[in-house]
Amino acid sequence: MTTEESSQDSMSQMSEPEPEITPKLSLRAERSGIGSLLSSLRGDQLASEINQLSTSPEIDKEKGVRNVPEVSEASKSPKASRTTDAQESSESVAEVPDRPLNRKEKRRLQRLQEEKNQTDDSGNAAKRIAPEATVVIEAAEIPTGLKKLYCDSTSFESYEAPFGYKSTSKNNFVHFSIQNNDGTRAIVASQDRCIRMYSLDTKSLNLFRVEKFQEVQWKHNTGGLVLDACWEHSGKGVFSTSRLRPIQLFETETGEIIGAYNGKDSGDNIKEAMCVGQSENTLIGGFKNHFQLWDIEYTGSALSTIKYYDPNFNTGITGISMSLVCHPTMPDLFGAVGTTSLLGIYSKKWGNAVSTMEGSSRGYTNCRFSPDGVKLYASERCVGSIITGTILWNFIFLQGDIHCFDTRMNMMTQILKREMTTNHRTRFDIDPSGRLLYSGTSSGAVVVYDLHDFNEEIQPVLTVEHVASRCIPCVSVRGNKMVLCTGQRVFPDDPLLKEDGDVVMMDTTVVATGNSVQVFEIL
């Protein structure tokens with residue numbers, strides 16, 4: 001071959017274009033097949049689209065679809081077409097078909113939008129928006145006294161029951177009075193099997209700004225002895241349980257029954273709940289040896305049950321629950337007390353007791369968590385001790401104190417001393433700051449305790465005497481407004497032991513007096 005031929009061959013090789021090198025399949029594509037290859041290609045396409053979405057300001061948040069900007073006439077001019085190869089390649093990559101975004105893309109867009117909102121308008125470095133300031137509740141000051149605003153005793157007069165003791169048939173004592181969260185309503189239950197709704201709104205009369213409370217907003221006969229009640233979290237309804245009746249939901253404004261939750265035993269018979277409580281969207285009722293749980297949106301039979309006592313882990317309470325309260329910081333938990341010495345904290349998710357504490361052998365009638373959920377306060381039952389003899393029965397009441405339990409150590413740490421010798425449940429209340437505890441006494445006084453006192457036995461820091469002529473079984477506090485009820489269940493056949501040792505029978509002529517609902521302002 002001559003030098004001319006060799007030079008022509010080299011020139012032809014240089015003029016011929018080089019063949020395009022096809023990309024090799026990855027090892028993953030070779031192993032998994034074409035499906036993995038398509039998924040990887042789709043992932044590259046989504047990545048390029050997300051990059052475009054992160055820079056494009058036009059995003060339809062409601063539909064979750066990116067709005068592609070229209071091409072202007074100026075961009076079609078020859079001057080606009082004079083761009084670099086890098087710009088052309090980036091524009092070609094950014095062009096993707098419109099389609100709904102998936103869940104991951106929507107989350108990415110949401111984060112990008114939040115970062116964009118946190119950036120200054122001047123284009124400076126992004127500055128994080130400070131989170132909403134948490135509401136700091138200052139410790140409440142120790143009150144100096146009470147000012148009476150309203151008293152209703154006429155609603156509980158002219159009552160005579162066709163059952164029970166004849167001498168106590170006119171004793172229409174009040175069981176409890178509980179305010180809603182904002183302190184504008186109060187639900188009251190009495191011995192006549194009725195619940196009453198009181199409106200606590202104040203009105204200004206003329207120019208003198210005289211505060212006047214409305215009378216009973218509505219009254220409903222439940223058909224059985226009212227056992228317990230609690231407010232629905234939104235304040236639009238009230239849950240009430242009475243003897244031989246299901247748990248009923250009453251509308252706050254009209255008193256109409258808008259729901260019934262049937263508690264049943266093993267024989268499919270309707271049974272009453274001794275106590276009720278709400279945890280998030282779950283209604284909890286306490287029955288014998290177990291709890292029943294409902295979804296508030298669905299009435300009828302219970303969806304699940306939780307046994308009091310778990311023999312596998314030796315946790316939980318026994319007997320009959322008298323009160324239950326939901327945990328303030330962990331909605332999955334709720335506490336319960338009953339007729340025995342055990343107190344339990346239960347988990348809805350686990351379906352059993354996660355903590356058990358032991359206290360007084362007489363049991364408890366009411367319990368409340370501290371606002372931080374660390375301590376559990378329980379009101380001791382006031383049962384009597386009967387000493388039998390050949391002639392006389394000596395009936396001695398034991399005072400019902402308030403016991404404080406530390407849930408971190410599962411043990412009793414403090415005792416709040418009070419005078420409470422009554423025959424039915426007693427309820428107390430704690431202010432939102434967690435410093436003050438309000439309670440009534442059997443002598444008709446209101447006592448206030450300072451929970452910042454770390455002594456083992458705590459005495460009241462304030463005692464307001466002669467608030468009522470009879471026992472104050474329930475106190476409810478919202479802000480500077482206190483609602484309490486007066487009255488006491490009386491068994492006239494039980495002898496009373498006097499200081500000199502002589503036994504006398506109770507005077508039944510004053511049994512029906514002193515039943516009322518009162519509203520006070522905390523000074």
# chains A, B, ... in the order shown; residues from 1 in each chain; ligands from 1
>>> residues_around(residues="Tyr198 in chain A", least_positions_apart="4", cutoff="6 Å", atoms="only C-alpha atoms", output="VMD selection string")
chain A and resid 185 to 186 216 to 217
>>> residues_around(residues="Met409 in chain A", least_positions_apart="6", cutoff="10 Å", atoms="only C-alpha atoms", output="PyMOL selection string")
chain A and resi 355+357+374-375
>>> write_last_selection(atoms="C-alpha atoms", output="tab-separated table (two decimals), in the first residue's frame")
chain	number	residue	atom	x	y	z
A	355	SER	CA	-48.96	0.95	87.44
A	357	MET	CA	-50.33	1.76	94.12
A	374	VAL	CA	-46.75	13.33	88.23
A	375	LYS	CA	-48.98	13.08	91.30
>>> residues_around(residues="Leu523 in chain A", least_positions_apart="5", cutoff="12 Å", atoms="only C-alpha atoms", output="compact mmCIF listing (two decimals) with C-alpha atoms, in the first residue's frame")
# COMPACT_ATOMS: atom_id res chain seq x y z
CA ALA A 140 -51.85 30.83 91.96
CA GLU A 141 -51.80 33.00 95.04
CA ILE A 142 -53.33 31.79 98.27
CA PRO A 143 -56.87 33.24 98.44
CA THR A 144 -58.03 35.37 101.32
CA GLY A 145 -61.74 34.56 101.34
CA LEU A 146 -64.91 33.84 99.39
CA LYS A 147 -67.72 36.10 98.21
CA LYS A 148 -71.15 34.57 97.65
CA LEU A 462 -57.23 28.77 104.45
CA VAL A 464 -63.68 29.51 105.42
CA GLY A 479 -60.58 30.58 87.40
CA ASN A 480 -61.82 32.71 90.30
CA LYS A 481 -65.27 31.11 90.28
CA MET A 482 -66.24 28.29 92.64
>>> residues_around(residues="Ser240 in chain A", least_positions_apart="3", cutoff="7 Å", atoms="only C-alpha atoms", output="NGL selection string")
:A and (228-230 or 247-249)
>>> closest_residue(among="A:Arg362, A:Lys219, A:Lys307, A:His327", to="Arg196 in chain A", atoms="only C-alpha atoms")
A:Lys219
>>> closest_residue(among="A:Arg470, A:His220, A:Arg111, A:Arg418", to="Val447 in chain A", atoms="only C-alpha atoms")
A:Arg418
>>> closest_residue(among="A:Ser242, A:Thr421, A:Asn312, A:Thr413", to="Leu225 in chain A", atoms="only C-alpha atoms")
A:Ser242
>>> residues_around(residues="Thr154 in chain A", least_positions_apart="2", cutoff="12 Å", atoms="only C-alpha atoms", output="list in words")
Cys151, Asp152, Phe156, Glu157, Ser158, Tyr159, Asn172, Glu215, Val216, Ala512, Thr513, Gly514, Asn515, Ser516, Val517 and Gln518 of chain A
>>> atom_distance(atom1="CA of Cys474 in chain A", atom2="CA of His233 in chain A")
20.5 Å
>>> select_by_dssp(residues="range 316-454 of chain A", states="strand (DSSP E)", output="VMD selection string")
chain A and resid 321 to 326 333 to 338 342 to 347 352 to 358 364 to 369 375 to 380 384 to 388 393 to 397 402 to 406 411 to 416 429 to 430 436 to 440 446 to 450
>>> residues_around(residues="Gly223 in chain A", least_positions_apart="4", cutoff="10 Å", atoms="only C-alpha atoms", output="ChimeraX atom specification")
/A:192-194,242-245
>>> closest_atom_pairs(of="range 319-438 of chain A", to="range 286-289 of chain A", cutoff="10 Å", atoms="only C-alpha atoms", output="CSV")
residue,atom,partner,partner_atom,distance
A:Gly319,CA,A:Asn289,CA,6.0
A:Ile320,CA,A:Lys288,CA,5.0
A:Ser321,CA,A:Gly286,CA,5.7
A:Met322,CA,A:Gly286,CA,7.6
A:Ser323,CA,A:Gly286,CA,7.8
A:Leu324,CA,A:Gly286,CA,7.8
A:Ala336,CA,A:Gly286,CA,8.7
A:Val337,CA,A:Gly286,CA,10.0
A:Gly338,CA,A:Gly286,CA,9.6
>>> residues_around(residues="Glu358 in chain A", least_positions_apart="5", cutoff="10 Å", atoms="only C-alpha atoms", output="JSON list (two decimals) with all heavy atoms, in the first residue's frame")
[["chain", "number", "residue", "atom", "x", "y", "z"],
["A", 317, "ILE", "N", -56.58, -2.80, 89.95],
["A", 317, "ILE", "CA", -57.41, -2.70, 91.14],
["A", 317, "ILE", "C", -58.41, -3.85, 91.16],
["A", 317, "ILE", "O", -58.52, -4.61, 90.20],
["A", 317, "ILE", "CB", -58.15, -1.35, 91.18],
["A", 317, "ILE", "CG1", -59.16, -1.26, 90.02],
["A", 317, "ILE", "CG2", -57.16, -0.20, 91.12],
["A", 317, "ILE", "CD1", -60.02, -0.02, 90.06],
["A", 340, "THR", "N", -61.47, -0.74, 97.12],
["A", 340, "THR", "CA", -60.37, -1.40, 97.81],
["A", 340, "THR", "C", -59.21, -0.42, 97.98],
["A", 340, "THR", "O", -59.29, 0.74, 97.59],
["A", 340, "THR", "CB", -59.90, -2.63, 97.03],
["A", 340, "THR", "OG1", -59.44, -2.24, 95.73],
["A", 340, "THR", "CG2", -61.04, -3.63, 96.87],
["A", 341, "SER", "N", -58.14, -0.91, 98.55],
["A", 341, "SER", "CA", -56.99, -0.05, 98.85],
["A", 341, "SER", "C", -56.10, 0.21, 97.64],
["A", 341, "SER", "O", -55.12, 0.95, 97.76],
["A", 341, "SER", "CB", -56.14, -0.71, 99.95],
["A", 341, "SER", "OG", -55.65, -1.97, 99.51],
["A", 342, "LEU", "N", -56.41, -0.35, 96.48],
["A", 342, "LEU", "CA", -55.53, -0.25, 95.32],
["A", 342, "LEU", "C", -55.95, 0.90, 94.41],
["A", 342, "LEU", "O", -57.14, 1.16, 94.23],
["A", 342, "LEU", "CB", -55.54, -1.56, 94.53],
["A", 342, "LEU", "CG", -55.06, -2.81, 95.28],
["A", 342, "LEU", "CD1", -55.18, -4.04, 94.40],
["A", 342, "LEU", "CD2", -53.63, -2.62, 95.76],
["A", 343, "LEU", "N", -54.96, 1.56, 93.84],
["A", 343, "LEU", "CA", -55.14, 2.58, 92.83],
["A", 343, "LEU", "C", -54.38, 2.14, 91.59],
["A", 343, "LEU", "O", -53.24, 1.64, 91.70],
["A", 343, "LEU", "CB", -54.63, 3.95, 93.29],
["A", 343, "LEU", "CG", -55.25, 4.58, 94.53],
["A", 343, "LEU", "CD1", -54.57, 4.08, 95.81],
["A", 343, "LEU", "CD2", -55.14, 6.10, 94.47],
["A", 344, "GLY", "N", -54.97, 2.29, 90.43],
["A", 344, "GLY", "CA", -54.33, 1.81, 89.21],
["A", 344, "GLY", "C", -54.30, 2.87, 88.13],
["A", 344, "GLY", "O", -55.16, 3.74, 88.04],
["A", 363, "GLY", "N", -60.60, 2.38, 100.88],
["A", 363, "GLY", "CA", -60.91, 2.71, 99.50],
["A", 363, "GLY", "C", -61.01, 4.21, 99.27],
["A", 363, "GLY", "O", -60.82, 5.02, 100.20],
["A", 405, "PHE", "N", -50.29, 10.52, 95.94],
["A", 405, "PHE", "CA", -49.42, 9.43, 95.49],
["A", 405, "PHE", "C", -48.49, 9.95, 94.40],
["A", 405, "PHE", "O", -48.92, 10.67, 93.48],
["A", 405, "PHE", "CB", -50.25, 8.26, 94.95],
["A", 405, "PHE", "CG", -51.12, 7.60, 95.97],
["A", 405, "PHE", "CD1", -52.37, 8.12, 96.28],
["A", 405, "PHE", "CD2", -50.68, 6.47, 96.64],
["A", 405, "PHE", "CE1", -53.18, 7.52, 97.22],
["A", 405, "PHE", "CE2", -51.48, 5.87, 97.60],
["A", 405, "PHE", "CZ", -52.73, 6.38, 97.89],
["A", 410, "ASN", "N", -44.71, 5.10, 92.84],
["A", 410, "ASN", "CA", -45.85, 4.22, 93.14],
["A", 410, "ASN", "C", -46.06, 4.07, 94.65],
["A", 410, "ASN", "O", -46.22, 2.96, 95.16],
["A", 410, "ASN", "CB", -45.69, 2.85, 92.48],
["A", 410, "ASN", "CG", -45.83, 2.92, 90.98],
["A", 410, "ASN", "OD1", -46.31, 3.91, 90.43],
["A", 410, "ASN", "ND2", -45.40, 1.87, 90.31],
["A", 411, "MET", "N", -46.06, 5.19, 95.35],
["A", 411, "MET", "CA", -46.24, 5.14, 96.80],
["A", 411, "MET", "C", -46.88, 6.43, 97.28],
["A", 411, "MET", "O", -46.84, 7.47, 96.61],
["A", 411, "MET", "CB", -44.90, 4.92, 97.51],
["A", 411, "MET", "CG", -43.88, 6.02, 97.28],
["A", 411, "MET", "SD", -42.33, 5.75, 98.14],
["A", 411, "MET", "CE", -42.87, 5.78, 99.84],
["A", 412, "MET", "N", -47.52, 6.35, 98.47],
["A", 412, "MET", "CA", -48.12, 7.52, 99.07],
["A", 412, "MET", "C", -47.04, 8.38, 99.69],
["A", 412, "MET", "O", -46.17, 7.89, 100.40],
["A", 412, "MET", "CB", -49.13, 7.10, 100.15],
["A", 412, "MET", "CG", -49.89, 8.26, 100.76],
["A", 412, "MET", "SD", -50.81, 7.78, 102.25],
["A", 412, "MET", "CE", -51.85, 6.48, 101.60]]
